[in-house]
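A.B. asks: Quick one, query_4.pdb (PDB, C-alpha atoms):
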```
MODEL        1
ATOM      1  CA  GLN A   1      38.814 -74.032  18.362  1.00  0.00           C
ATOM      2  CA  SER A   2      38.965 -77.612  19.626  1.00  0.00           C
ATOM      3  CA  ALA A   3      40.401 -76.394  22.929  1.00  0.00           C
ATOM      4  CA  TRP A   4      37.355 -74.152  23.451  1.00  0.00           C
ATOM      5  CA  SER A   5      35.045 -77.055  22.619  1.00  0.00           C
ATOM      6  CA  LEU A   6      36.865 -79.209  25.114  1.00  0.00           C
ATOM      7  CA  LEU A   7      36.709 -76.506  27.797  1.00  0.00           C
ATOM      8  CA  GLY A   8      33.000 -75.927  27.164  1.00  0.00           C
ATOM      9  CA  LEU A   9      32.086 -79.617  27.385  1.00  0.00           C
ATOM     10  CA  PRO A  10      31.634 -79.775  31.188  1.00  0.00           C
ATOM     11  CA  GLY A  11      29.337 -76.758  31.125  1.00  0.00           C
ATOM     12  CA  GLN A  12      27.290 -78.201  28.273  1.00  0.00           C
ATOM     13  CA  LEU A  13      26.956 -81.525  30.102  1.00  0.00           C
ATOM     14  CA  TRP A  14      25.920 -79.735  33.289  1.00  0.00           C
ATOM     15  CA  LEU A  15      23.215 -77.734  31.469  1.00  0.00           C
ATOM     16  CA  LYS A  16      21.940 -80.846  29.711  1.00  0.00           C
ATOM     17  CA  SER A  17      21.804 -82.637  33.067  1.00  0.00           C
ATOM     18  CA  LEU A  18      19.748 -79.824  34.558  1.00  0.00           C
ATOM     19  CA  LYS A  19      17.340 -79.868  31.617  1.00  0.00           C
ATOM     20  CA  CYS A  20      17.094 -83.650  31.873  1.00  0.00           C
ATOM     21  CA  ILE A  21      16.072 -83.598  35.540  1.00  0.00           C
ATOM     22  CA  VAL A  22      13.425 -80.850  35.226  1.00  0.00           C
ATOM     23  CA  LEU A  23      10.646 -83.141  34.009  1.00  0.00           C
ATOM     24  CA  PRO A  24      10.973 -85.795  36.756  1.00  0.00           C
ATOM     25  CA  LEU A  25      11.268 -82.989  39.304  1.00  0.00           C
ATOM     26  CA  ILE A  26       8.033 -81.361  38.132  1.00  0.00           C
ATOM     27  CA  VAL A  27       6.091 -84.620  37.898  1.00  0.00           C
ATOM     28  CA  CYS A  28       7.153 -85.937  41.321  1.00  0.00           C
ATOM     29  CA  SER A  29       6.620 -82.570  43.011  1.00  0.00           C
ATOM     30  CA  MET A  30       3.134 -82.096  41.558  1.00  0.00           C
ATOM     31  CA  ILE A  31       2.009 -85.622  42.478  1.00  0.00           C
ATOM     32  CA  GLN A  32       3.363 -85.291  46.023  1.00  0.00           C
ATOM     33  CA  ALA A  33       1.806 -81.839  46.431  1.00  0.00           C
ATOM     34  CA  MET A  34      -1.625 -83.085  45.343  1.00  0.00           C
ATOM     35  CA  THR A  35      -1.519 -86.126  47.635  1.00  0.00           C
ATOM     36  CA  THR A  36      -0.434 -83.895  50.525  1.00  0.00           C
ATOM     37  CA  LEU A  37      -3.230 -81.437  49.799  1.00  0.00           C
ATOM     38  CA  ARG A  38      -5.767 -84.265  49.820  1.00  0.00           C
ATOM     39  CA  GLN A  39      -4.761 -85.187  53.378  1.00  0.00           C
ATOM     40  CA  LEU A  40      -5.376 -81.697  54.783  1.00  0.00           C
ATOM     41  CA  PRO A  41      -8.679 -80.813  56.451  1.00  0.00           C
ATOM     42  CA  GLY A  42     -10.915 -79.005  53.972  1.00  0.00           C
ATOM     43  CA  SER A  43      -8.702 -80.282  51.190  1.00  0.00           C
ATOM     44  CA  ARG A  44     -11.456 -80.584  48.597  1.00  0.00           C
ATOM     45  CA  LYS A  45     -11.991 -76.839  48.635  1.00  0.00           C
ATOM     46  CA  THR A  46      -8.261 -76.184  48.637  1.00  0.00           C
ATOM     47  CA  VAL A  47      -7.587 -78.537  45.723  1.00  0.00           C
ATOM     48  CA  LEU A  48     -10.490 -77.102  43.763  1.00  0.00           C
ATOM     49  CA  ALA A  49      -9.206 -73.572  44.434  1.00  0.00           C
ATOM     50  CA  VAL A  50      -5.673 -74.581  43.333  1.00  0.00           C
ATOM     51  CA  LEU A  51      -6.931 -76.147  40.126  1.00  0.00           C
ATOM     52  CA  LEU A  52      -9.191 -73.194  39.336  1.00  0.00           C
ATOM     53  CA  MET A  53      -6.387 -70.734  40.057  1.00  0.00           C
ATOM     54  CA  TYR A  54      -4.013 -72.748  37.862  1.00  0.00           C
ATOM     55  CA  GLN A  55      -6.523 -72.770  35.002  1.00  0.00           C
ATOM     56  CA  PHE A  56      -7.380 -69.091  35.504  1.00  0.00           C
ATOM     57  CA  THR A  57      -3.747 -67.927  35.501  1.00  0.00           C
ATOM     58  CA  THR A  58      -3.043 -70.026  32.403  1.00  0.00           C
ATOM     59  CA  ILE A  59      -5.978 -68.484  30.561  1.00  0.00           C
ATOM     60  CA  VAL A  60      -5.052 -64.959  31.694  1.00  0.00           C
ATOM     61  CA  ALA A  61      -1.447 -65.509  30.566  1.00  0.00           C
ATOM     62  CA  ALA A  62      -2.658 -66.734  27.178  1.00  0.00           C
ATOM     63  CA  ILE A  63      -4.962 -63.738  26.754  1.00  0.00           C
ATOM     64  CA  GLU A  64      -2.233 -61.336  27.832  1.00  0.00           C
ATOM     65  CA  GLY A  65       0.298 -62.941  25.476  1.00  0.00           C
ATOM     66  CA  CYS A  66      -2.120 -62.747  22.550  1.00  0.00           C
ATOM     67  CA  MET A  67      -2.975 -59.129  23.279  1.00  0.00           C
ATOM     68  CA  VAL A  68       0.628 -58.020  23.707  1.00  0.00           C
ATOM     69  CA  SER A  69       1.815 -59.841  20.589  1.00  0.00           C
ATOM     70  CA  GLY A  70      -1.161 -58.489  18.645  1.00  0.00           C
ATOM     71  CA  PHE A  71      -0.414 -54.989  19.891  1.00  0.00           C
ATOM     72  CA  PHE A  72       3.244 -55.125  18.860  1.00  0.00           C
ATOM     73  CA  MET A  73       3.026 -57.384  15.813  1.00  0.00           C
ATOM     74  CA  ALA A  74      -0.075 -55.978  14.066  1.00  0.00           C
ATOM     75  CA  PRO A  75       1.530 -52.624  13.104  1.00  0.00           C
ATOM     76  CA  LEU A  76       4.640 -54.396  11.833  1.00  0.00           C
ATOM     77  CA  LEU A  77       2.914 -57.067   9.769  1.00  0.00           C
ATOM     78  CA  GLY A  78      -0.120 -55.275   8.352  1.00  0.00           C
ATOM     79  CA  ASP A  79      -3.676 -56.507   7.925  1.00  0.00           C
ATOM     80  CA  ASP A  80      -3.201 -59.515   5.660  1.00  0.00           C
ATOM     81  CA  ALA A  81       0.023 -60.745   7.233  1.00  0.00           C
ATOM     82  CA  VAL A  82       1.154 -64.302   7.158  1.00  0.00           C
ATOM     83  CA  VAL A  83       3.961 -65.150   9.527  1.00  0.00           C
ATOM     84  CA  ALA A  84       6.618 -67.349   7.981  1.00  0.00           C
ATOM     85  CA  VAL A  85       9.157 -69.076  10.157  1.00  0.00           C
ATOM     86  CA  ALA A  86      12.180 -70.552   8.443  1.00  0.00           C
ATOM     87  CA  SER A  87      13.864 -73.538   9.994  1.00  0.00           C
ATOM     88  CA  SER A  88      17.003 -75.085   8.639  1.00  0.00           C
ATOM     89  CA  SER A  89      17.905 -78.679   9.237  1.00  0.00           C
ATOM     90  CA  SER A  90      21.023 -80.557   8.260  1.00  0.00           C
ATOM     91  CA  SER A  91      19.354 -82.234   5.300  1.00  0.00           C
ATOM     92  CA  SER A  92      17.138 -79.551   3.766  1.00  0.00           C
ATOM     93  CA  GLU A  93      15.666 -76.110   4.173  1.00  0.00           C
ATOM     94  CA  GLN A  94      12.062 -76.119   5.437  1.00  0.00           C
ATOM     95  CA  THR A  95       9.570 -73.268   5.693  1.00  0.00           C
ATOM     96  CA  PHE A  96       6.521 -73.405   7.930  1.00  0.00           C
ATOM     97  CA  ILE A  97       3.695 -70.951   7.408  1.00  0.00           C
ATOM     98  CA  GLN A  98       1.406 -70.141  10.299  1.00  0.00           C
ATOM     99  CA  LYS A  99      -1.956 -68.605   9.548  1.00  0.00           C
ATOM    100  CA  GLU A 100      -3.157 -65.607  11.481  1.00  0.00           C
ATOM    101  CA  ARG A 101      -5.260 -66.635  14.475  1.00  0.00           C
ATOM    102  CA  SER A 102      -7.897 -64.654  16.285  1.00  0.00           C
ATOM    103  CA  LEU A 103      -7.756 -64.042  20.024  1.00  0.00           C
ATOM    104  CA  LEU A 104     -10.513 -66.600  20.593  1.00  0.00           C
ATOM    105  CA  GLU A 105      -8.695 -69.251  18.513  1.00  0.00           C
ATOM    106  CA  SER A 106      -5.489 -68.675  20.479  1.00  0.00           C
ATOM    107  CA  ILE A 107      -7.248 -68.948  23.833  1.00  0.00           C
ATOM    108  CA  THR A 108      -9.224 -72.058  22.901  1.00  0.00           C
ATOM    109  CA  GLY A 109      -6.035 -73.590  21.489  1.00  0.00           C
ATOM    110  CA  THR A 110      -4.226 -73.002  24.784  1.00  0.00           C
ATOM    111  CA  ILE A 111      -7.101 -74.473  26.796  1.00  0.00           C
ATOM    112  CA  ASP A 112      -7.254 -77.436  24.409  1.00  0.00           C
ATOM    113  CA  ASN A 113      -3.500 -77.896  24.851  1.00  0.00           C
ATOM    114  CA  ILE A 114      -3.901 -78.296  28.635  1.00  0.00           C
ATOM    115  CA  VAL A 115      -5.382 -81.779  28.243  1.00  0.00           C
ATOM    116  CA  PRO A 116      -2.651 -84.025  26.844  1.00  0.00           C
ATOM    117  CA  LYS A 117      -3.154 -86.266  23.831  1.00  0.00           C
ATOM    118  CA  ASN A 118       0.076 -88.107  24.601  1.00  0.00           C
ATOM    119  CA  VAL A 119       1.959 -87.196  27.789  1.00  0.00           C
ATOM    120  CA  VAL A 120       5.199 -88.799  26.622  1.00  0.00           C
ATOM    121  CA  SER A 121       5.110 -86.921  23.313  1.00  0.00           C
ATOM    122  CA  ASP A 122       4.335 -83.644  25.093  1.00  0.00           C
ATOM    123  CA  ALA A 123       7.219 -84.222  27.500  1.00  0.00           C
ATOM    124  CA  ALA A 124       9.557 -85.003  24.600  1.00  0.00           C
ATOM    125  CA  THR A 125       8.658 -81.734  22.856  1.00  0.00           C
ATOM    126  CA  ASP A 126       9.073 -79.650  26.051  1.00  0.00           C
ATOM    127  CA  ASN A 127       5.335 -78.961  26.207  1.00  0.00           C
ATOM    128  CA  LEU A 128       5.101 -78.942  29.993  1.00  0.00           C
ATOM    129  CA  LEU A 129       1.576 -77.551  30.400  1.00  0.00           C
ATOM    130  CA  PRO A 130      -0.175 -80.876  29.672  1.00  0.00           C
ATOM    131  CA  VAL A 131       2.459 -82.764  31.671  1.00  0.00           C
ATOM    132  CA  ILE A 132       1.753 -80.582  34.718  1.00  0.00           C
ATOM    133  CA  PHE A 133      -1.994 -81.040  34.266  1.00  0.00           C
ATOM    134  CA  ALA A 134      -1.609 -84.828  34.001  1.00  0.00           C
ATOM    135  CA  SER A 135       0.604 -84.850  37.115  1.00  0.00           C
ATOM    136  CA  ILE A 136      -1.964 -82.862  39.092  1.00  0.00           C
ATOM    137  CA  LEU A 137      -4.751 -85.166  37.951  1.00  0.00           C
ATOM    138  CA  PHE A 138      -2.688 -88.248  38.765  1.00  0.00           C
ATOM    139  CA  GLY A 139      -1.872 -86.867  42.220  1.00  0.00           C
ATOM    140  CA  LEU A 140      -5.546 -86.237  42.889  1.00  0.00           C
ATOM    141  CA  LEU A 141      -6.662 -89.699  41.800  1.00  0.00           C
ATOM    142  CA  VAL A 142      -3.880 -92.014  43.010  1.00  0.00           C
ATOM    143  CA  PRO A 143      -4.968 -94.075  46.043  1.00  0.00           C
ATOM    144  CA  GLU A 144      -3.171 -93.203  49.259  1.00  0.00           C
ATOM    145  CA  LYS A 145      -3.560 -96.560  51.013  1.00  0.00           C
ATOM    146  CA  GLN A 146      -3.808-100.175  49.975  1.00  0.00           C
ATOM    147  CA  GLU A 147      -6.577-102.406  51.287  1.00  0.00           C
ATOM    148  CA  ASN A 148      -4.397-103.539  54.201  1.00  0.00           C
ATOM    149  CA  GLY A 149      -3.787 -99.913  55.302  1.00  0.00           C
ATOM    150  CA  THR A 150      -0.200 -99.507  54.094  1.00  0.00           C
ATOM    151  CA  THR A 151       0.916 -96.762  51.736  1.00  0.00           C
ATOM    152  CA  SER A 152       0.087 -97.567  48.128  1.00  0.00           C
ATOM    153  CA  ALA A 153       2.842 -98.950  45.923  1.00  0.00           C
ATOM    154  CA  THR A 154       2.349 -96.072  43.484  1.00  0.00           C
ATOM    155  CA  LEU A 155       2.988 -93.432  46.150  1.00  0.00           C
ATOM    156  CA  ARG A 156       6.005 -95.341  47.445  1.00  0.00           C
ATOM    157  CA  CYS A 157       7.368 -95.394  43.877  1.00  0.00           C
ATOM    158  CA  VAL A 158       6.768 -91.641  43.472  1.00  0.00           C
ATOM    159  CA  ASP A 159       8.431 -90.977  46.851  1.00  0.00           C
ATOM    160  CA  GLU A 160      11.463 -93.077  45.866  1.00  0.00           C
ATOM    161  CA  ALA A 161      11.694 -91.337  42.486  1.00  0.00           C
ATOM    162  CA  SER A 162      11.451 -87.966  44.216  1.00  0.00           C
ATOM    163  CA  SER A 163      14.229 -88.962  46.594  1.00  0.00           C
ATOM    164  CA  VAL A 164      16.478 -89.916  43.666  1.00  0.00           C
ATOM    165  CA  VAL A 165      15.635 -86.690  41.807  1.00  0.00           C
ATOM    166  CA  THR A 166      16.437 -84.659  44.932  1.00  0.00           C
ATOM    167  CA  ARG A 167      19.812 -86.374  45.251  1.00  0.00           C
ATOM    168  CA  ILE A 168      20.589 -85.701  41.585  1.00  0.00           C
ATOM    169  CA  VAL A 169      19.619 -82.021  41.894  1.00  0.00           C
ATOM    170  CA  THR A 170      21.713 -81.735  45.057  1.00  0.00           C
ATOM    171  CA  GLY A 171      24.638 -83.329  43.253  1.00  0.00           C
ATOM    172  CA  LEU A 172      24.302 -80.965  40.300  1.00  0.00           C
ATOM    173  CA  MET A 173      23.971 -77.869  42.447  1.00  0.00           C
ATOM    174  CA  CYS A 174      26.549 -78.798  45.084  1.00  0.00           C
ATOM    175  CA  PRO A 175      29.163 -80.820  43.238  1.00  0.00           C
ATOM    176  CA  SER A 176      30.741 -83.052  45.838  1.00  0.00           C
ATOM    177  CA  TRP A 177      30.839 -86.781  46.328  1.00  0.00           C
ATOM    178  CA  ARG A 178      28.811 -86.655  49.571  1.00  0.00           C
ATOM    179  CA  TRP A 179      25.461 -86.964  47.789  1.00  0.00           C
ATOM    180  CA  LEU A 180      26.342 -90.440  46.501  1.00  0.00           C
ATOM    181  CA  PRO A 181      25.098 -93.202  48.796  1.00  0.00           C
ATOM    182  CA  GLY A 182      27.951 -94.845  50.722  1.00  0.00           C
ATOM    183  CA  ALA A 183      30.587 -92.414  49.452  1.00  0.00           C
ATOM    184  CA  SER A 184      33.376 -91.655  51.875  1.00  0.00           C
ATOM    185  CA  LYS A 185      36.672 -89.809  51.586  1.00  0.00           C
ATOM    186  CA  GLN A 186      38.435 -93.133  51.080  1.00  0.00           C
ATOM    187  CA  HIS A 187      36.106 -94.095  48.193  1.00  0.00           C
ATOM    188  CA  VAL A 188      36.592 -90.732  46.547  1.00  0.00           C
ATOM    189  CA  ALA A 189      40.376 -90.993  46.934  1.00  0.00           C
ATOM    190  CA  GLU A 190      40.323 -94.490  45.384  1.00  0.00           C
ATOM    191  CA  PHE A 191      38.174 -93.208  42.528  1.00  0.00           C
ATOM    192  CA  VAL A 192      40.514 -90.330  41.787  1.00  0.00           C
TER     193      VAL A 192
ENDMDL
END
```
Hey, can you dump this file as structure tokens for me?
C.D. replies:
Amino acid sequence: QSAWSLLGLPGQLWLKSLKCIVLPLIVCSMIQAMTTLRQLPGSRKTVLAVLLMYQFTTIVAAIEGCMVSGFFMAPLLGDDAVVAVASSSSSSEQTFIQKERSLLESITGTIDNIVPKNVVSDAATDNLLPVIFASILFGLLVPEKQENGTTSATLRCVDEASSVVTRIVTGLMCPSWRWLPGASKQHVAEFV
């Protein structure tokens, strides 16, 4: 048993690393995409179309999800069904009861969820919809240039973070020592 745990450890660490890098990858990519879109001719229309399409597809997905789950779940649960989800923790057994929601309540809840109350909390609970919305909004509103005409410090920071994230993703997907800055065959040999 312990041998299997030991053999599975590298795979678990690799998966955790991938999950860890998803959020910075999404945030940096969305901010860079929005600043790039702003620089294009006719960008206001393009950005507005992107945001409207994003909102529209989110709403359509929510409606479709509610309809499909209602279609499949209603016959199984009956008219006065209350869905109970049991969750066990190490200290005690907890039961959460979710009341039945109408289609309109589900859709308005999803739309309400788009605007984040706390981006850090949403990111910590893997609620990426508000994080993506905040990243798009940030990318649309961040200044491109400082007063002296140079690139803004915020965009330089996002570009640097994106560069680091890209190197990490490259390292995770192509495991070799070449993605480390300054790594040579001699350094790798010394390390090993």
A.B. asks: Counting all atoms listed in the file, which residue out of A:Glu147, A:Gly139, A:Arg167, A:Ser2 sits closest to Leu37 in chain A?
C.D. replies: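 The answer is A:Gly139, which sits nearest to Leu37 in chain A.
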A.B. asks: What does the distance from CA of Leu104 in chain A to CA of Val120 in chain A come to in Å, to one decimal?
C.D. replies: 27.9 Å
A.B. asks: Choose the residue, out of A:Ser29, A:Gln55, A:Thr151, A:Ser135, that has the smallest atom-to-atom separation from Thr166 in chain A; count only C-alpha atoms.
C.D. replies: A:Ser29
A.B. asks: Could you spell out the hits of the PyMOL selection byres ((chain A and resi 131) around 12) on the shown file, as an mmCIF file with C-alpha atoms, in the coordinates of the input?
C.D. replies:
```cif
data_model
loop_
_atom_site.group_PDB
_atom_site.id
_atom_site.type_symbol
_atom_site.label_atom_id
_atom_site.label_comp_id
_atom_site.auth_asym_id
_atom_site.auth_seq_id
_atom_site.Cartn_x
_atom_site.Cartn_y
_atom_site.Cartn_z
ATOM 1 C CA VAL A 22 13.425 -80.850 35.226
ATOM 2 C CA LEU A 23 10.646 -83.141 34.009
ATOM 3 C CA PRO A 24 10.973 -85.795 36.756
ATOM 4 C CA LEU A 25 11.268 -82.989 39.304
ATOM 5 C CA ILE A 26 8.033 -81.361 38.132
ATOM 6 C CA VAL A 27 6.091 -84.620 37.898
ATOM 7 C CA CYS A 28 7.153 -85.937 41.321
ATOM 8 C CA MET A 30 3.134 -82.096 41.558
ATOM 9 C CA ILE A 31 2.009 -85.622 42.478
ATOM 10 C CA ASN A 113 -3.500 -77.896 24.851
ATOM 11 C CA ILE A 114 -3.901 -78.296 28.635
ATOM 12 C CA VAL A 115 -5.382 -81.779 28.243
ATOM 13 C CA PRO A 116 -2.651 -84.025 26.844
ATOM 14 C CA LYS A 117 -3.154 -86.266 23.831
ATOM 15 C CA ASN A 118 0.076 -88.107 24.601
ATOM 16 C CA VAL A 119 1.959 -87.196 27.789
ATOM 17 C CA VAL A 120 5.199 -88.799 26.622
ATOM 18 C CA SER A 121 5.110 -86.921 23.313
ATOM 19 C CA ASP A 122 4.335 -83.644 25.093
ATOM 20 C CA ALA A 123 7.219 -84.222 27.500
ATOM 21 C CA ALA A 124 9.557 -85.003 24.600
ATOM 22 C CA THR A 125 8.658 -81.734 22.856
ATOM 23 C CA ASP A 126 9.073 -79.650 26.051
ATOM 24 C CA ASN A 127 5.335 -78.961 26.207
ATOM 25 C CA LEU A 128 5.101 -78.942 29.993
ATOM 26 C CA LEU A 129 1.576 -77.551 30.400
ATOM 27 C CA PRO A 130 -0.175 -80.876 29.672
ATOM 28 C CA ILE A 132 1.753 -80.582 34.718
ATOM 29 C CA PHE A 133 -1.994 -81.040 34.266
ATOM 30 C CA ALA A 134 -1.609 -84.828 34.001
ATOM 31 C CA SER A 135 0.604 -84.850 37.115
ATOM 32 C CA ILE A 136 -1.964 -82.862 39.092
ATOM 33 C CA LEU A 137 -4.751 -85.166 37.951
ATOM 34 C CA PHE A 138 -2.688 -88.248 38.765
#
```
A.B. asks: Applied to this file, what does the PyMOL selection byres ((chain A and resi 50) around 12) return in terms of residues, put as a PDB file with C-alpha atoms, in the frame of the given file?
C.D. replies:
```pdb
ATOM      1  CA  MET A  30       3.134 -82.096  41.558  1.00  0.00           C
ATOM      2  CA  ALA A  33       1.806 -81.839  46.431  1.00  0.00           C
ATOM      3  CA  MET A  34      -1.625 -83.085  45.343  1.00  0.00           C
ATOM      4  CA  LEU A  37      -3.230 -81.437  49.799  1.00  0.00           C
ATOM      5  CA  ARG A  38      -5.767 -84.265  49.820  1.00  0.00           C
ATOM      6  CA  SER A  43      -8.702 -80.282  51.190  1.00  0.00           C
ATOM      7  CA  ARG A  44     -11.456 -80.584  48.597  1.00  0.00           C
ATOM      8  CA  LYS A  45     -11.991 -76.839  48.635  1.00  0.00           C
ATOM      9  CA  THR A  46      -8.261 -76.184  48.637  1.00  0.00           C
ATOM     10  CA  VAL A  47      -7.587 -78.537  45.723  1.00  0.00           C
ATOM     11  CA  LEU A  48     -10.490 -77.102  43.763  1.00  0.00           C
ATOM     12  CA  ALA A  49      -9.206 -73.572  44.434  1.00  0.00           C
ATOM     13  CA  LEU A  51      -6.931 -76.147  40.126  1.00  0.00           C
ATOM     14  CA  LEU A  52      -9.191 -73.194  39.336  1.00  0.00           C
ATOM     15  CA  MET A  53      -6.387 -70.734  40.057  1.00  0.00           C
ATOM     16  CA  TYR A  54      -4.013 -72.748  37.862  1.00  0.00           C
ATOM     17  CA  GLN A  55      -6.523 -72.770  35.002  1.00  0.00           C
ATOM     18  CA  PHE A  56      -7.380 -69.091  35.504  1.00  0.00           C
ATOM     19  CA  THR A  57      -3.747 -67.927  35.501  1.00  0.00           C
ATOM     20  CA  PHE A 133      -1.994 -81.040  34.266  1.00  0.00           C
ATOM     21  CA  ILE A 136      -1.964 -82.862  39.092  1.00  0.00           C
ATOM     22  CA  LEU A 137      -4.751 -85.166  37.951  1.00  0.00           C
ATOM     23  CA  LEU A 140      -5.546 -86.237  42.889  1.00  0.00           C
TER      24      LEU A 140
END
```
A.B. asks: Figure out the distance between CA of Arg156 in chain A and CA of Thr36 in chain A, please, to one decimal in Å.
C.D. replies: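 About the pair CA of Thr36 in chain A and CA of Arg156 in chain A: they are 13.5 Å apart.
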A.B. asks: Rounded to one decimal, what separation in Å do you get between CA of Val60 in chain A and CA of Thr108 in chain A?
C.D. replies: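 That distance, rounded to one decimal, is 12.0 Å.
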A.B. asks: Please provide the set of residues having any atom within 10 Å of Val169 in chain A, restricted to only C-alpha atoms, with same-chain residues fewer than 2 positions apart removed, written as number ranges by chain.
C.D. replies: A: 17-18, 21-22, 25, 163-167, 171-175, 179
A.B. asks: I need the residue nearest Gly65 in chain A from this list: A:Thr35, A:Ser162, A:Ser106, A:Asn148. Use all atoms listed in the file for the distance.
C.D. replies: A:Ser106
